[in-house]
Amino acid sequence: MSEERTPKVPTEEGREPRPRWEAGAPALTPEGTPRGAPVRVRRGEEIHAFPETAVGEGDVRGAEEHGEPARGTSLWRDAWRRLLKNKLAVFGMIVVCFIAVAVLIGPAVIRWTTGFTYDFMPPNQQQSYAPFTAPDGEFSPSHPMGTDSAGRDMLARVLQGGRISLMVGIISTFVSLIIGVTWGATAGYLGGKVDDLMMRIVDVLYAIPYMMIVIVLLAFFGGRSPLQQIFLLFAALGAVSWLTMARIVRGQIISLKNQEFVLAARATGVSTPKIIFRHLVPNALGPVIVYATLTIPSVMLQEAFLSFLGLGVQAPYASWGSLAQEGIQNIAIFPWQLIFPGVTMALTLFSLNCLGDGLRDALDPQMRKF
Amino acid sequence: MSRFNFILRRLLVTVPMVLVVVALTWALIRLAPGSFYEGERKLPPTIEKNIRARYGLDQPWYVQYGKVMGNILRLDFGNSLRYENETVNEILRRTVPVSAALGTCAYLLALVVGITLGTVAALRQNSKIDYGAMTLTMLGISFPNFVLGPILVLVFALSLYWLPPARWGGFPSRSLILPVLTLSFIYMAYIARLTRAGMLEVLRSDYIRTARAKGLTEAQVVWRHAMRGGLLPVVSFTGPALALLISGTVVVERIFAMPGLGNYFINANLNRDEPLILGIVAFTSMTVLIFNLLVDVAYAYIDPRIRY
């Protein structure tokens, strides 16, 4: 902790005897005072907008004198370095990458090596086998997670389910991102009565037990085709998880909108939507990324909850939630049908949460809340 | 005076909000294709017409809407379509205590364990205990209750035979232990994290330094001074927690086959039992909104800085 905070300023004896600039000038660049007005650096928000004045953990002067180009560490590079110091976050990042790769190429690899797919039922062995067991009870590597009650390979099903679960998580988060950012940024920038009204609506929606409405929506409109059900899930989950995002973005925009670059944009006649989306939103990106990372696991949990109730993803598709629902029917006899999809899901959510937490600490150490 | 006004104003907002939620649900049900009366067997047109007339389905939508809303304002939700000899009110009276017992026990357990864990972690920040507690709570947030519940059943009911695996055995009974544990895990995790964050912030504040400076013991500082400020995030979490608790009880009641509100809600949806769905939605949104109001009032009592 303390090591991280100490700026690495070279000691006097390791340096050239005389600085080249006049004494008393703010020593930010080798040339002395930066041109123009002093740049206020608020929690790194615009530090990357003026790279020549950015001073991170590295020391610009020191680097210059060692013959390297004078380049400040940007917000993102600083954040990356802090992220790598957080063991849980690194663990999360590795596991998330591993699971993403496994889910993407795993089904193809299994089909290529053992010939099983998520919906292949062996004609005369339609029963559940324990992990690493062949039909005759001997050891066999062909089903590392066993099979389900119809003899389908559990590993292939878990990987295929992961595809759907992750896809629902990412796409619904993206939907919520679009709604939330647009809503929050508009309210924050316009301010006044519009802001009051828009945020009142968010407050009201917060208090509604929206999961009940989602259940009604899925129960009454779903079930016509499995693909349609998945699209309904994207829309429904995205539509209910944008509220916090809107609040976060609004707060960021309000703190940004009175700064000079917005005034400059307005003075040169940039239109309001363009100011919001081209000038303000990019500067609020850090918190948005952090919150989006944390939305993915929560949306995945909601999808699993709905699928577990039989209202989400439907056969022939499977998600971790619907696999768990199938598994719980046979929990006493074939526990592996529940444990493998369940634990895989828990591990994924755990890693995503760790990564999101680490990103928050790295991108904005002052925002550390939970 | 202003406090009274505040409560009154909020109550005035609450009633229309419940009506909006119910109206939304009603619209969803009505816009959906098919209905309760359309079974697999096609009814003769005359009978179908009579049924529609009997339930008022032949009237224009605004008349039906007015009737539904009128019933809800009188807190009379009508008869269930599926459970023919029970009114929705009777079903609510039967199922709400089950869900309430489950939810209250789980939340109280989560409060006790979560606050203890969070406070200890905050007092020993960056120690092994802190990291252990935070990893545990991260697991709690990530572990879906429909995975945790069956695993607990597998261990404690089906392998060790300590506890019954499912079914409802009345309020204070052993059959409640596993459902409560399953449900409370995630809240415990949330509350522990909120407590830790709140306590860390408070412990650095000036008034705690003052308390220490005037020579109070550490226990007095923590219990009397830090707790009050440090638990504010937990109090404000109670509102969203209730909404979360509702979806949690649905799953837990499903896993443990408990005759609670959530279980009936899912069945009502699968059966397209319109009066029962509307009744449950109206009841739950009322509960949630009133709770949110109570939380806001309680918040102001605890934190004197808050003005209405």
# chains A, B, ... in the order shown; residues from 1 in each chain; ligands from 1

$ closest_atom_pairs --of "chain B" --to "chain A" --cutoff "6 Å" --atoms "only C-alpha atoms" --output "Markdown table"
| residue | atom | partner | partner_atom | distance |
| --- | --- | --- | --- | --- |
| B:Ala32 | CA | A:Phe220 | CA | 5.7 |
| B:Ser142 | CA | A:Phe350 | CA | 5.0 |
| B:Phe143 | CA | A:Ala346 | CA | 5.0 |
| B:Val147 | CA | A:Gly342 | CA | 5.5 |
| B:Arg193 | CA | A:Phe370 | CA | 5.3 |
| B:Leu194 | CA | A:Phe370 | CA | 5.8 |
| B:Ala197 | CA | A:Phe370 | CA | 5.3 |
| B:Ala243 | CA | A:Pro209 | CA | 5.2 |

$ closest_atom_pairs --of "range 62-141 of chain B" --to "range 210-224 of chain B" --cutoff "12 Å" --atoms "only C-alpha atoms" --output "CSV"
residue,atom,partner,partner_atom,distance
B:Ile115,CA,B:Trp223,CA,11.8
B:Thr116,CA,B:Trp223,CA,11.4
B:Thr119,CA,B:Val222,CA,8.8
B:Val120,CA,B:Val222,CA,10.4
B:Ala122,CA,B:Val222,CA,10.7
B:Leu123,CA,B:Val222,CA,9.0

$ write_last_selection --atoms "N, CA and C atoms" --output "short mmCIF file (atom, residue, chain, number, x, y, z; two decimals), in the first residue's frame"
data_model
loop_
_atom_site.label_atom_id
_atom_site.label_comp_id
_atom_site.auth_asym_id
_atom_site.auth_seq_id
_atom_site.Cartn_x
_atom_site.Cartn_y
_atom_site.Cartn_z
N ILE B 115 -23.89 -7.73 10.15
CA ILE B 115 -23.36 -6.56 10.85
C ILE B 115 -22.14 -6.94 11.68
N THR B 116 -22.22 -8.12 12.34
CA THR B 116 -21.05 -8.56 13.12
C THR B 116 -19.83 -8.70 12.21
N THR B 119 -18.56 -5.31 10.85
CA THR B 119 -17.90 -4.49 11.86
C THR B 119 -16.52 -5.02 12.18
N VAL B 120 -16.44 -6.34 12.39
CA VAL B 120 -15.14 -6.93 12.71
C VAL B 120 -14.16 -6.66 11.57
N ALA B 122 -14.19 -4.23 9.45
CA ALA B 122 -13.81 -2.82 9.38
C ALA B 122 -12.82 -2.47 10.48
N LEU B 123 -13.02 -3.04 11.68
CA LEU B 123 -12.11 -2.72 12.78
C LEU B 123 -10.73 -3.30 12.54
#

$ residues_around --residues "range 56-63 of chain B" --least-positions-apart "2" --cutoff "12 Å" --atoms "only C-alpha atoms" --output "MDAnalysis selection string"
chainID B and resid 23 26:27 30:31 35:37 48:54 65:70

$ closest_residue --among "B:Val235, B:Met138, B:Ile186, B:Leu148" --to "Gly198 in chain B" --atoms "only C-alpha atoms"
B:Val235

$ atom_distance --atom1 "CA of Thr113 in chain A" --atom2 "CA of Gly162 in chain A"
19.8 Å

$ residues_around --residues "Ala282 in chain B" --least-positions-apart "6" --cutoff "9 Å" --atoms "only C-alpha atoms" --output "mmCIF file with C-alpha atoms, in the first residue's frame"
data_model
loop_
_atom_site.group_PDB
_atom_site.id
_atom_site.type_symbol
_atom_site.label_atom_id
_atom_site.label_comp_id
_atom_site.auth_asym_id
_atom_site.auth_seq_id
_atom_site.Cartn_x
_atom_site.Cartn_y
_atom_site.Cartn_z
ATOM 1 C CA VAL B 18 -49.704 0.534 -6.673
ATOM 2 C CA LEU B 19 -52.464 1.223 -9.181
ATOM 3 C CA VAL B 21 -48.135 -1.408 -11.199
ATOM 4 C CA VAL B 22 -51.401 -3.312 -11.183
ATOM 5 C CA ILE B 72 -58.445 -3.454 -5.905
#

$ residues_around --residues "Ala292 in chain A" --least-positions-apart "4" --cutoff "9 Å" --atoms "only C-alpha atoms" --output "list in words"
Thr173, Phe174, Ser176, Leu177, Met245, Pro287, Val288, Ile296 and Gly356 of chain A

$ residues_around --residues "Val113 in chain B" --least-positions-apart "6" --cutoff "10 Å" --atoms "only C-alpha atoms" --output "PDB file with N, CA and C atoms, in the first residue's frame"
ATOM      1  N   TYR B 107     -33.991 -12.403   7.046  1.00  0.00           N
ATOM      2  CA  TYR B 107     -33.417 -11.059   7.087  1.00  0.00           C
ATOM      3  C   TYR B 107     -32.822 -10.757   8.454  1.00  0.00           C
ATOM      4  N   SER B 184     -30.863 -16.401   3.532  1.00  0.00           N
ATOM      5  CA  SER B 184     -30.173 -15.298   4.204  1.00  0.00           C
ATOM      6  C   SER B 184     -28.742 -15.103   3.710  1.00  0.00           C
ATOM      7  N   PHE B 185     -28.180 -16.118   3.040  1.00  0.00           N
ATOM      8  CA  PHE B 185     -26.757 -16.047   2.686  1.00  0.00           C
ATOM      9  C   PHE B 185     -26.426 -14.784   1.896  1.00  0.00           C
ATOM     10  N   TYR B 187     -28.071 -11.952   1.623  1.00  0.00           N
ATOM     11  CA  TYR B 187     -28.273 -10.703   2.371  1.00  0.00           C
ATOM     12  C   TYR B 187     -27.168 -10.495   3.379  1.00  0.00           C
ATOM     13  N   MET B 188     -26.761 -11.627   4.002  1.00  0.00           N
ATOM     14  CA  MET B 188     -25.641 -11.548   4.923  1.00  0.00           C
ATOM     15  C   MET B 188     -24.440 -10.922   4.207  1.00  0.00           C
ATOM     16  N   ALA B 189     -24.193 -11.399   2.993  1.00  0.00           N
ATOM     17  CA  ALA B 189     -23.050 -10.890   2.249  1.00  0.00           C
ATOM     18  C   ALA B 189     -23.202  -9.397   1.961  1.00  0.00           C
ATOM     19  N   ILE B 191     -25.093  -7.177   3.486  1.00  0.00           N
ATOM     20  CA  ILE B 191     -25.091  -6.364   4.703  1.00  0.00           C
ATOM     21  C   ILE B 191     -23.678  -6.259   5.265  1.00  0.00           C
ATOM     22  N   ALA B 192     -22.924  -7.362   5.220  1.00  0.00           N
ATOM     23  CA  ALA B 192     -21.557  -7.307   5.731  1.00  0.00           C
ATOM     24  C   ALA B 192     -20.739  -6.288   4.935  1.00  0.00           C
TER      25      ALA B 192
END
